[in-house]
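K.L.:
Take a look at target28.txt, compact mmCIF, C-alpha atoms:
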```txt
# COMPACT_ATOMS: atom_id res chain seq x y z
CA MET A 244 88.84 126.98 146.76
CA THR A 245 85.53 127.16 144.89
CA LYS A 246 84.67 124.93 141.95
CA ASN A 247 85.05 127.90 139.60
CA GLU A 248 88.46 128.81 141.00
CA PHE A 249 89.48 125.18 140.52
CA LEU A 250 88.24 125.22 136.89
CA MET A 251 90.23 128.35 136.14
CA LYS A 252 93.42 127.20 137.90
CA GLU A 253 93.53 123.50 136.98
CA TYR A 254 91.67 123.39 133.64
CA GLY A 255 92.60 126.77 132.21
CA ILE A 256 88.97 127.87 131.89
CA SER A 257 88.56 131.63 131.47
CA LYS A 258 86.50 133.62 133.94
CA GLU A 259 84.28 134.65 131.05
CA LEU A 260 83.42 131.02 130.29
CA VAL A 261 82.99 130.14 133.98
CA ASP A 262 80.50 132.99 134.40
CA PHE A 263 78.70 131.97 131.21
CA ILE A 264 78.24 128.39 132.43
CA ASP A 265 76.95 129.66 135.79
CA GLU A 266 74.42 131.80 133.96
CA CYS A 267 73.33 128.83 131.83
CA GLU A 268 73.03 126.62 134.91
CA LYS A 269 70.64 129.09 136.54
CA GLU A 270 68.51 129.08 133.40
CA ALA A 271 68.51 125.27 133.33
CA GLU A 272 67.52 124.72 136.96
CA PRO A 273 63.74 125.23 136.51
CA TYR A 274 63.69 122.46 133.89
CA TYR A 275 65.32 119.96 136.27
CA LYS A 276 62.19 119.70 138.44
CA ARG A 277 60.18 117.52 136.03
CA ALA A 278 63.11 115.12 135.61
CA GLU A 279 63.59 114.95 139.38
CA ASP A 280 59.91 114.11 139.93
CA ILE A 281 60.06 111.31 137.33
CA ALA A 282 63.26 109.93 138.86
CA SER A 283 61.63 109.91 142.32
CA LEU A 284 58.62 107.99 141.00
CA ASN A 285 60.76 105.51 139.08
CA GLN A 286 63.01 104.92 142.08
CA MET A 287 59.94 104.01 144.13
CA ARG A 288 58.77 101.69 141.34
CA VAL A 289 62.14 99.92 141.36
CA MET A 290 62.09 99.63 145.15
CA LYS A 291 58.57 98.17 145.08
CA ALA A 292 59.50 95.63 142.37
CA PHE A 293 62.51 94.53 144.44
CA ALA A 294 60.33 94.20 147.53
CA ASN A 295 57.54 92.36 145.71
CA ASN A 296 60.06 89.82 144.42
CA ARG A 297 61.78 89.49 147.81
CA ILE A 298 65.26 90.27 146.51
CA SER A 299 67.98 89.03 148.85
CA GLU A 300 71.63 88.00 148.89
CA MET A 301 70.78 84.61 147.41
CA HIS A 302 69.77 86.28 144.14
CA PHE A 303 73.36 87.43 143.62
CA ALA A 304 74.85 83.93 143.77
CA GLU A 305 76.95 82.71 140.86
CA THR A 306 75.97 79.75 138.69
CA THR A 307 78.10 77.96 136.10
CA GLY A 308 77.71 75.46 133.29
CA TYR A 309 74.13 75.08 132.13
CA GLY A 310 72.85 77.43 134.80
CA TYR A 311 69.77 75.38 135.67
CA ASP A 312 67.56 76.88 138.39
CA ASP A 313 69.45 80.17 138.54
CA LEU A 314 67.17 81.96 140.97
CA GLY A 315 68.83 85.36 140.52
CA ARG A 316 68.56 85.21 136.73
CA ASP A 317 64.94 84.07 136.73
CA THR A 318 63.85 86.57 139.37
CA LEU A 319 65.53 89.46 137.57
CA ASP A 320 63.31 88.62 134.59
CA LYS A 321 60.30 88.97 136.90
CA VAL A 322 61.52 92.31 138.26
CA TYR A 323 61.91 93.69 134.75
CA ALA A 324 58.48 92.40 133.73
CA GLU A 325 56.92 94.19 136.69
CA LEU A 326 58.75 97.44 135.98
CA PHE A 327 57.90 97.29 132.28
CA GLY A 328 54.25 96.52 132.96
CA CYS A 329 54.29 93.33 130.91
CA GLU A 330 54.09 89.53 131.13
CA ASP A 331 57.71 88.45 130.89
CA ALA A 332 61.27 89.55 130.27
CA LEU A 333 64.60 88.14 129.13
CA VAL A 334 67.52 89.87 130.87
CA ARG A 335 70.94 88.39 130.10
CA HIS A 336 74.59 89.38 130.33
CA SER A 337 75.12 87.39 127.11
CA PHE A 338 73.57 90.16 125.03
CA ILE A 339 76.65 92.03 123.84
CA SER A 340 74.98 95.29 122.75
CA GLY A 341 71.73 97.01 121.94
CA THR A 342 72.10 95.92 118.32
CA HIS A 343 72.51 92.28 119.39
CA THR A 344 69.43 92.52 121.61
CA LEU A 345 67.33 94.12 118.86
CA SER A 346 68.59 91.59 116.32
CA THR A 347 67.54 88.76 118.64
CA MET A 348 64.09 90.33 118.99
CA LEU A 349 63.65 90.66 115.22
CA PHE A 350 64.87 87.16 114.41
CA GLY A 351 62.82 85.76 117.26
CA VAL A 352 59.53 87.21 116.02
CA LEU A 353 59.85 87.22 112.22
CA ARG A 354 59.62 84.26 109.83
CA PRO A 355 60.14 83.78 106.05
CA ASP A 356 57.68 85.80 103.95
CA ASP A 357 56.81 88.03 106.91
CA THR A 358 56.93 91.79 106.44
CA LEU A 359 58.74 94.11 108.83
CA LEU A 360 57.51 97.71 108.62
CA ALA A 361 59.63 100.44 110.21
CA VAL A 362 57.15 103.21 111.04
CA THR A 363 59.69 105.77 112.28
CA GLY A 364 61.81 105.91 109.15
CA LYS A 365 65.06 104.07 108.61
CA PRO A 366 66.30 102.35 111.79
CA TYR A 367 69.63 103.11 113.42
CA ASP A 368 72.66 102.43 111.21
CA THR A 369 73.81 99.22 112.89
CA LEU A 370 70.46 97.54 112.19
CA GLU A 371 70.72 98.04 108.42
CA GLU A 372 72.84 94.92 107.89
CA VAL A 373 70.69 92.95 110.32
CA ILE A 374 67.62 93.77 108.21
CA GLY A 375 69.47 93.36 104.92
CA ILE A 376 69.17 96.86 103.47
CA ALA A 377 72.95 97.24 103.64
CA GLY A 378 75.93 94.92 103.47
CA GLU A 379 76.53 91.80 101.44
CA ARG A 380 73.77 89.34 100.59
CA GLY A 381 74.26 85.87 102.01
CA ASN A 382 75.54 87.11 105.36
CA GLY A 383 72.54 85.83 107.32
CA SER A 384 70.39 88.97 107.41
CA LEU A 385 66.61 88.94 107.73
CA ALA A 386 66.43 89.47 103.97
CA ASP A 387 68.44 86.28 103.41
CA PHE A 388 65.78 84.41 105.36
CA GLY A 389 62.99 85.84 103.23
CA VAL A 390 61.78 88.58 105.54
CA LYS A 391 60.53 91.56 103.58
CA TYR A 392 61.24 95.08 104.73
CA GLU A 393 59.43 98.37 104.20
CA GLN A 394 59.60 101.72 105.92
CA ILE A 395 57.40 104.77 106.30
CA GLU A 396 59.05 108.15 106.51
CA LEU A 397 58.21 110.51 109.32
CA GLY A 398 55.95 113.49 108.85
CA ASN A 399 57.32 117.00 108.49
CA ASP A 400 56.99 117.43 112.25
CA GLY A 401 59.26 114.44 112.88
CA MET A 402 56.40 112.34 114.20
CA PRO A 403 55.09 109.03 112.79
CA ASP A 404 52.76 109.51 109.81
CA LEU A 405 49.60 107.76 111.05
CA THR A 406 47.76 108.17 107.75
CA ALA A 407 50.57 106.51 105.81
CA ILE A 408 50.81 103.76 108.43
CA GLU A 409 47.07 103.08 108.22
CA ASN A 410 47.12 102.97 104.42
CA ARG A 411 49.97 100.46 104.42
CA LEU A 412 48.44 98.24 107.09
CA LYS A 413 45.17 98.06 105.16
CA LYS A 414 46.98 97.09 101.95
CA SER A 415 48.21 93.66 103.14
CA PHE A 416 49.14 92.00 106.40
CA VAL A 417 52.25 93.25 108.18
CA LYS A 418 53.69 90.85 110.75
CA ALA A 419 55.61 93.46 112.77
CA CYS A 420 55.98 97.22 113.05
CA LEU A 421 59.22 98.61 114.45
CA ILE A 422 59.25 101.87 116.40
CA GLN A 423 62.61 103.45 117.21
CA ARG A 424 62.20 105.60 120.27
CA SER A 425 65.43 107.60 120.12
CA LYS A 426 66.43 109.87 117.27
CA GLY A 427 69.55 107.86 116.43
CA TYR A 428 71.57 109.97 114.00
CA ALA A 429 68.48 111.77 112.69
CA VAL A 430 67.52 115.32 113.58
CA ARG A 431 64.04 114.60 114.87
CA PRO A 432 62.30 114.33 118.25
CA SER A 433 62.81 111.31 120.45
CA TYR A 434 59.51 109.86 121.61
CA THR A 435 58.12 109.55 125.10
CA ALA A 436 56.78 106.19 126.22
CA GLU A 437 53.24 107.55 125.94
CA GLN A 438 53.84 108.76 122.37
CA VAL A 439 55.14 105.30 121.48
CA GLY A 440 52.07 103.84 123.16
CA GLU A 441 49.76 106.03 121.09
CA VAL A 442 51.35 104.78 117.88
CA ALA A 443 51.24 101.17 119.13
CA ARG A 444 47.55 101.43 120.01
CA PHE A 445 46.81 103.01 116.65
CA ILE A 446 48.57 100.16 114.83
CA LYS A 447 46.57 97.63 116.86
CA SER A 448 43.30 99.43 116.04
CA VAL A 449 44.00 99.01 112.32
CA SER A 450 45.71 95.59 112.40
CA PRO A 451 45.19 93.79 115.75
CA ASP A 452 47.47 90.87 114.87
CA THR A 453 50.46 93.02 113.91
CA VAL A 454 53.22 92.82 116.52
CA VAL A 455 54.57 96.17 117.74
CA LEU A 456 58.30 96.11 118.49
CA VAL A 457 60.15 98.99 120.13
CA ASP A 458 63.82 99.91 120.10
CA ASN A 459 63.84 101.33 123.63
CA CYS A 460 67.56 102.19 123.78
CA TYR A 461 68.30 105.43 125.68
CA GLY A 462 64.65 105.76 126.77
CA GLU A 463 64.43 103.65 129.93
CA PHE A 464 63.33 105.55 133.07
CA VAL A 465 63.13 108.88 131.23
CA CYS A 466 59.32 108.73 131.52
CA GLU A 467 56.89 107.45 134.14
CA CYS A 468 56.49 104.09 132.38
CA GLU A 469 57.88 101.99 129.53
CA PRO A 470 56.31 101.31 126.08
CA THR A 471 55.13 97.79 126.97
CA ALA A 472 52.94 99.25 129.73
CA VAL A 473 51.01 101.36 127.21
CA GLY A 474 50.48 99.16 124.16
CA ALA A 475 53.73 97.80 122.69
CA ASP A 476 54.16 94.02 122.44
CA LEU A 477 57.94 93.93 122.94
CA CYS A 478 60.71 96.37 123.69
CA ALA A 479 64.44 95.85 123.87
CA GLY A 480 67.48 97.72 125.08
CA SER A 481 71.06 97.56 126.35
CA LEU A 482 72.25 97.34 129.95
CA ILE A 483 75.24 99.56 129.24
CA LYS A 484 72.77 102.33 128.55
CA ASN A 485 70.05 103.52 130.94
CA ALA A 486 68.78 100.28 132.45
CA GLY A 487 72.20 99.18 133.73
CA GLY A 488 72.65 102.33 135.79
CA GLY A 489 76.34 102.54 134.93
CA LEU A 490 77.10 99.39 136.95
CA ALA A 491 76.11 96.56 134.62
CA LEU A 492 79.27 95.37 132.85
CA THR A 493 77.42 94.15 129.76
CA GLY A 494 74.02 92.77 128.76
CA GLY A 495 70.61 93.60 127.43
CA TYR A 496 66.91 92.91 127.93
CA ILE A 497 63.77 92.08 125.96
CA ALA A 498 60.44 92.60 127.71
CA GLY A 499 56.82 92.13 126.71
CA ARG A 500 54.35 89.39 125.78
CA LYS A 501 55.27 86.01 127.26
CA ASP A 502 54.92 84.06 124.01
CA LEU A 503 57.11 86.52 122.12
CA VAL A 504 59.74 86.65 124.87
CA GLU A 505 59.93 82.85 124.67
CA LEU A 506 60.57 83.03 120.92
CA CYS A 507 63.37 85.53 121.55
CA ALA A 508 64.84 83.22 124.20
CA TYR A 509 64.79 80.37 121.66
CA ARG A 510 66.74 82.61 119.29
CA LEU A 511 69.27 83.60 121.96
CA THR A 512 69.93 80.05 123.16
CA SER A 513 68.23 77.13 121.40
CA VAL A 514 64.73 76.06 120.46
CA GLY A 515 63.38 73.96 123.31
CA ILE A 516 65.82 75.40 125.83
CA GLY A 517 65.07 79.13 125.78
CA LYS A 518 65.23 80.74 129.22
CA GLU A 519 65.86 77.51 131.13
CA CYS A 520 69.63 77.62 130.76
CA GLY A 521 72.35 80.23 130.88
CA ALA A 522 74.79 80.54 133.75
CA SER A 523 74.89 83.97 135.35
CA LEU A 524 78.63 83.67 136.12
CA GLY A 525 78.45 86.27 138.89
CA PHE A 526 76.89 89.03 136.77
CA ASN A 527 73.60 89.09 138.68
CA ARG A 528 74.78 91.44 141.41
CA SER A 529 75.88 94.21 139.03
CA MET A 530 72.69 93.88 136.98
CA TYR A 531 70.46 94.13 140.07
CA GLN A 532 72.48 96.99 141.55
CA GLY A 533 72.61 98.77 138.19
CA LEU A 534 68.84 98.53 137.89
CA PHE A 535 68.52 99.94 141.41
CA MET A 536 70.72 102.89 140.42
CA ALA A 537 69.13 103.42 137.01
CA PRO A 538 66.49 106.07 137.87
CA HIS A 539 69.06 108.21 139.68
CA THR A 540 71.71 107.74 136.99
CA VAL A 541 69.24 108.60 134.23
CA LEU A 542 68.36 111.77 136.17
CA GLN A 543 72.03 112.81 136.14
CA ALA A 544 72.15 112.29 132.36
CA ILE A 545 68.92 114.23 131.80
CA LYS A 546 70.15 117.19 133.86
CA ALA A 547 73.41 117.20 131.90
CA ALA A 548 71.47 117.13 128.63
CA ILE A 549 69.32 120.06 129.72
CA LEU A 550 72.41 122.08 130.67
CA CYS A 551 74.03 121.26 127.32
CA SER A 552 70.86 122.37 125.55
CA VAL A 553 70.84 125.72 127.34
CA VAL A 554 74.56 126.30 126.76
CA TYR A 555 74.54 125.63 123.04
CA MET A 556 71.25 127.37 122.34
CA LYS A 557 72.67 130.50 123.97
CA LEU A 558 75.76 130.10 121.78
CA GLY A 559 73.50 130.25 118.72
CA PHE A 560 73.38 126.61 117.65
CA SER A 561 70.31 124.55 116.88
CA VAL A 562 69.60 122.09 119.69
CA LEU A 563 67.15 119.21 120.00
CA PRO A 564 65.46 118.92 122.40
CA GLU A 565 65.33 122.53 123.55
CA PRO A 566 65.55 123.10 127.32
CA SER A 567 61.78 123.30 127.89
CA ASP A 568 60.87 120.30 125.70
CA ILE A 569 59.49 117.08 127.17
CA ARG A 570 62.21 114.45 126.73
CA GLY A 571 61.87 110.92 125.45
CA ASP A 572 65.48 109.83 125.96
CA ILE A 573 68.82 111.00 127.35
CA ILE A 574 70.27 112.19 124.03
CA GLN A 575 71.04 115.84 123.36
CA ALA A 576 71.65 116.83 119.75
CA VAL A 577 73.60 119.95 118.76
CA THR A 578 73.80 120.89 115.08
CA PHE A 579 76.98 122.76 114.12
CA GLY A 580 76.57 122.95 110.34
CA LYS A 581 80.17 121.95 109.69
CA ALA A 582 82.40 118.99 110.43
CA GLU A 583 84.85 121.05 112.48
CA GLY A 584 82.13 121.75 115.03
CA VAL A 585 81.27 118.08 115.55
CA ILE A 586 84.95 117.15 115.84
CA ALA A 587 85.80 119.93 118.30
CA PHE A 588 82.73 119.18 120.42
CA CYS A 589 83.66 115.51 120.70
CA LYS A 590 87.26 116.37 121.55
CA GLY A 591 86.01 118.60 124.37
CA ILE A 592 83.73 115.89 125.75
CA GLN A 593 86.68 113.47 125.67
CA ASN A 594 88.82 115.95 127.57
CA GLY A 595 86.19 116.05 130.29
CA ALA A 596 85.94 112.27 130.72
CA PRO A 597 87.24 110.43 133.80
CA VAL A 598 88.89 107.72 131.68
CA ASP A 599 91.09 108.37 128.62
CA SER A 600 90.78 112.14 128.96
CA PHE A 601 94.17 112.43 127.23
CA VAL A 602 92.93 110.66 124.07
CA THR A 603 92.04 112.66 120.95
CA PRO A 604 89.04 111.21 119.09
CA GLU A 605 89.11 111.31 115.30
CA PRO A 606 86.53 110.37 112.63
CA TRP A 607 86.95 106.83 111.29
CA ASP A 608 85.25 104.15 109.23
CA MET A 609 83.47 102.37 112.04
CA PRO A 610 81.97 98.92 111.27
CA GLY A 611 78.20 99.06 110.82
CA TYR A 612 78.10 102.72 109.72
CA SER A 613 77.88 104.05 106.17
CA ASP A 614 79.67 107.34 106.96
CA GLN A 615 82.71 108.17 109.02
CA VAL A 616 81.81 108.53 112.69
CA ILE A 617 83.59 110.28 115.53
CA MET A 618 83.07 108.96 119.03
CA ALA A 619 84.15 110.45 122.34
CA ALA A 620 83.92 108.23 125.40
CA GLY A 621 85.90 107.80 128.55
CA ALA A 622 84.06 105.10 130.39
CA PHE A 623 84.73 102.55 133.12
CA VAL A 624 82.71 100.08 131.02
CA GLN A 625 83.76 100.07 127.37
CA GLY A 626 81.09 101.64 125.17
CA ALA A 627 78.78 102.45 128.08
CA SER A 628 76.94 105.45 126.70
CA ILE A 629 75.11 106.02 129.99
CA GLU A 630 78.43 107.13 131.49
CA PHE A 631 79.24 110.20 129.36
CA SER A 632 79.87 110.26 125.66
CA ALA A 633 79.30 112.10 122.41
CA ASP A 634 79.38 110.99 118.82
CA GLY A 635 78.09 111.79 115.38
CA PRO A 636 78.44 111.00 111.69
CA ILE A 637 80.61 113.29 109.61
CA LYS A 638 77.87 114.31 107.19
CA PRO A 639 75.41 117.19 106.83
CA PRO A 640 73.87 118.77 108.82
CA TYR A 641 76.87 117.92 111.02
CA THR A 642 75.12 117.14 114.28
CA ALA A 643 76.77 115.83 117.44
CA TYR A 644 74.86 113.68 119.91
CA MET A 645 75.73 113.82 123.61
CA GLN A 646 74.41 111.32 126.12
CA GLY A 647 74.96 110.10 129.62
CA GLY A 648 76.76 111.27 132.71
CA LEU A 649 77.08 109.07 135.79
CA THR A 650 77.13 112.27 137.81
CA TYR A 651 75.83 115.68 136.83
CA GLU A 652 78.97 117.32 138.20
CA SER A 653 81.33 115.31 135.97
CA ALA A 654 79.12 115.83 132.92
CA ARG A 655 79.06 119.55 133.64
CA LEU A 656 82.85 119.55 133.40
CA GLY A 657 82.65 117.79 130.04
CA ILE A 658 80.26 120.43 128.73
CA VAL A 659 82.59 123.20 129.93
CA MET A 660 85.51 121.53 128.19
CA SER A 661 83.54 121.19 124.96
CA VAL A 662 82.92 124.93 124.84
CA LYS A 663 86.61 125.58 125.63
CA ILE A 664 87.78 123.39 122.72
CA LEU A 665 85.23 124.93 120.34
CA LYS A 666 86.55 128.37 121.25
CA GLU A 667 90.18 127.30 120.82
CA SER A 668 89.30 125.71 117.45
CA GLY A 669 87.72 128.93 116.20
CA VAL A 670 84.29 127.35 115.74
CA ILE A 671 82.81 129.89 118.17
```
Can you present the structure in this file as C-alpha cells?
P.N.:
Amino acid sequence: MTKNEFLMKEYGISKELVDFIDECEKEAEPYYKRAEDIASLNQMRVMKAFANNRISEMHFAETTGYGYDDLGRDTLDKVYAELFGCEDALVRHSFISGTHTLSTMLFGVLRPDDTLLAVTGKPYDTLEEVIGIAGERGNGSLADFGVKYEQIELGNDGMPDLTAIENRLKKSFVKACLIQRSKGYAVRPSYTAEQVGEVARFIKSVSPDTVVLVDNCYGEFVCECEPTAVGADLCAGSLIKNAGGGLALTGGYIAGRKDLVELCAYRLTSVGIGKECGASLGFNRSMYQGLFMAPHTVLQAIKAAILCSVVYMKLGFSVLPEPSDIRGDIIQAVTFGKAEGVIAFCKGIQNGAPVDSFVTPEPWDMPGYSDQVIMAAGAFVQGASIEFSADGPIKPPYTAYMQGGLTYESARLGIVMSVKILKESGVI
C-alpha cells in the first residue's frame, strides 16, 4: 500500500486532495536544498563543538542538592558559547519557558532609571506584563522597578527603521535595545541572524555602550550562525523550541558577553552564587542529545513550513514567508481573513498530531494574551512548539502561525489534515 492509498483509506482524504499535495510537494522540493545545506553545516558545527569540549558519558551524570562542580552543566554552557560564537552561556533546565528566559535576561541587564528600547515594534504578547505595558501595577514588572520602556515601529517593509533608531539613540542614552527575531503574532518578516547582526552593528555604531538583546526564539539553527556571532551582546531562547531538538524536556539558554551572562545568572539564582550552583537532576543527557539533534530537527520543521507555504499560496491565501523567501525562523504564517479559517486550520493541525489527535482546540482567554488565542498542539513534551503546532489570536487579519515538526512526514500529514478540515468547514 502506498502512502497515498493509506491516506485515502485510513484518513478519508480524497484523491483530489492527495494529488494536490503531491503537486505542491514537487513545487516545494527545489526550496528544500538551501535548508538542507544549512542543516548540514550546523550539524558539523555541533559535532565540532562536542569534540572540542570532549563530551563523554561523564557529562550526563546526575547531580543533586547545590549541584557544585556539575561538569555536565558547566561544559554544556561552553558548548553553547562555542556554537553561538560568544564568550559564555547559561543553559538550565530551570528556565520554564522562553518568556521566563527572556524575563531573566531583561531583569539581569536593566536597572532603575535605565531605558529599554524595543526596535522591532511591540514585543511578543507574554512579555508585555514583564515590561509593564500591560497588567496590574505593583506586580513586579520592569516598570515597577523604574525601568523605562519605549518602542520604535517597523518600517512599511516590516524591517527595523534605522533612521528612527538613530534619532532616538542620539536623543539620550538607551541602556538596552531589544530585537525580536521572529514575527510573533505580527504579519511581518522574521529576521535572519545576519539581518539581526546588521541592526546590532548599526546600534553599536551610534551608541557603543548600548546593550543589544535578542529574542532568538524559533530562530536557532535556521541560519549559518546565531546573532551573538555577528554583533548582538546577548540572545535568549527556549529548549522546547529549536535548540532542544525535540528531546529536551524543559529549559532555556542565554548566551553572549560573559559579564552580562553572569548578571543573568545572578538573577536566575542569587547574587554571588550565579552559575556556581544548580543541580542538573539528570536533565543533562536530554539537553545534550537534543542539541545534537537540533540541526536535523529544525530542517524537518523548515521543510514542513515550505510545504505549507506552497499549499496555502496555491489555495489563494496570503502566506509569509513565501516558498522562495530566505527564512529567519521556523514559523509559517497563513492569513485567512476570517476567524473560521484560523479555527479550522488549527483543528486540522491537531487532527494530524501524534498526541491528542482526538482533541478539538477552541479559542480561549489564555493568560498573558490580550485577545482570545487558539492553540493546536499534540506533543510528547507539553508546549514544545518544535514538535508540531499551530496557533493564532482571534483578531484581524486572522492569521494562523504553524511551526515545528519532529519529522517532515508527520508534519506533512498535519498539513493534509488542515486542508481537509478547511474544506469540510466550507472555508475553501
K.L.:
Contacts of Gly375 of chain A at 6 Å or less, counting only C-alpha atoms, minus same-chain residues fewer than 4 places along, as a PyMOL selection string?
P.N.:
chain A and resi 371+384-386
K.L.:
For Lys426 of chain A, work out the shell of residues within 10 Å, counting all atoms listed in the file and skipping chain neighbours fewer than 4 positions away, then give it as JSON, numbers by chain.
P.N.:
{"A": [363, 366, 367, 401, 430, 431, 432, 433, 434, 461, 563, 571, 572, 574, 575, 576, 644]}
K.L.:
Give me the residues within 8 Å of Val449 of chain A as a PyMOL selection string, counting all atoms listed in the file and dropping any in the same chain fewer than 2 places off.
P.N.:
chain A and resi 409+412-413+445-447+451
K.L.:
Quick one: of A:Leu665, A:Met301, A:Ile629, A:Ala292, who's nearest to Leu492 of chain A, counting only C-alpha atoms?
P.N.:
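The shortest atom-to-atom distance to Leu492 of chain A comes from A:Ile629.
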K.L.:
Atom CA of Ala498 of chain A and atom CA of Leu349 of chain A, how far apart in Å?
P.N.:
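Interatomic distance here is 13.0 Å.
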K.L.:
In Å, with one decimal, what is the gap from atom CA of Ser628 of chain A to atom CA of Cys478 of chain A?
P.N.:
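So the answer is 18.8 Å.
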K.L.:
Determine the nearest neighbour of Ala475 of chain A from the options A:Gly440, A:Pro273, A:Gly595, A:Gly398, counting all atoms listed in the file.
P.N.:
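For Ala475 of chain A, the nearest of the candidates is A:Gly440.
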K.L.:
So that I can check the surroundings of Met348 of chain A, please list as JSON, numbers by chain every protein, DNA and RNA residue that reaches within 12 Å of it, counting only C-alpha atoms and ignoring chain neighbours fewer than 5 positions away.
P.N.:
{"A": [332, 333, 338, 341, 342, 343, 353, 354, 370, 373, 374, 385, 419, 421, 454, 455, 456, 457, 458, 459, 476, 477, 478, 479, 480, 495, 496, 497, 498, 499, 500, 503, 504, 505, 506, 507, 508, 509, 510, 511]}
K.L.:
What is the atom CA of Ala429 of chain A to atom CA of Pro639 of chain A distance in Å?
P.N.:
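Atom CA of Ala429 of chain A sits 10.6 Å away from atom CA of Pro639 of chain A.
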K.L.:
Tell me which of A:Val554, A:Met609, A:Ile339, A:Val442 sits closest to Val261 of chain A, counting only C-alpha atoms.
P.N.:
A:Val554
K.L.:
Skipping near chain neighbours, those fewer than 3 positions away, what residues fall within 10 Å of Lys590 of chain A using only C-alpha atoms, listed as a CSV table (one decimal) with C-alpha atoms, in the frame of the given file?
P.N.:
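Result file around_34.csv:
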```
chain,number,residue,atom,x,y,z
A,584,GLY,CA,82.1,121.8,115.0
A,585,VAL,CA,81.3,118.1,115.6
A,586,ILE,CA,85.0,117.2,115.8
A,587,ALA,CA,85.8,119.9,118.3
A,593,GLN,CA,86.7,113.5,125.7
A,594,ASN,CA,88.8,116.0,127.6
A,595,GLY,CA,86.2,116.0,130.3
A,600,SER,CA,90.8,112.1,129.0
A,601,PHE,CA,94.2,112.4,127.2
A,602,VAL,CA,92.9,110.7,124.1
A,603,THR,CA,92.0,112.7,121.0
A,604,PRO,CA,89.0,111.2,119.1
A,605,GLU,CA,89.1,111.3,115.3
A,617,ILE,CA,83.6,110.3,115.5
A,618,MET,CA,83.1,109.0,119.0
A,619,ALA,CA,84.2,110.4,122.3
A,620,ALA,CA,83.9,108.2,125.4
A,633,ALA,CA,79.3,112.1,122.4
A,634,ASP,CA,79.4,111.0,118.8
A,657,GLY,CA,82.6,117.8,130.0
A,660,MET,CA,85.5,121.5,128.2
A,661,SER,CA,83.5,121.2,125.0
A,664,ILE,CA,87.8,123.4,122.7
A,665,LEU,CA,85.2,124.9,120.3
```
K.L.:
Go through A:Ile592, A:Ile408, A:Met402, A:Val659 and flag the residue nearest Met251 of chain A, using only C-alpha atoms for the distances.
P.N.:
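Looking only at the distances to Met251 of chain A, the closest residue turns out to be A:Val659.
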K.L.:
Which of these residues is nearest to Glu305 of chain A, using only C-alpha atoms: A:Leu524, A:Leu250, A:Ile516, A:Leu490?
P.N.:
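Looking only at the distances to Glu305 of chain A, the closest residue turns out to be A:Leu524.
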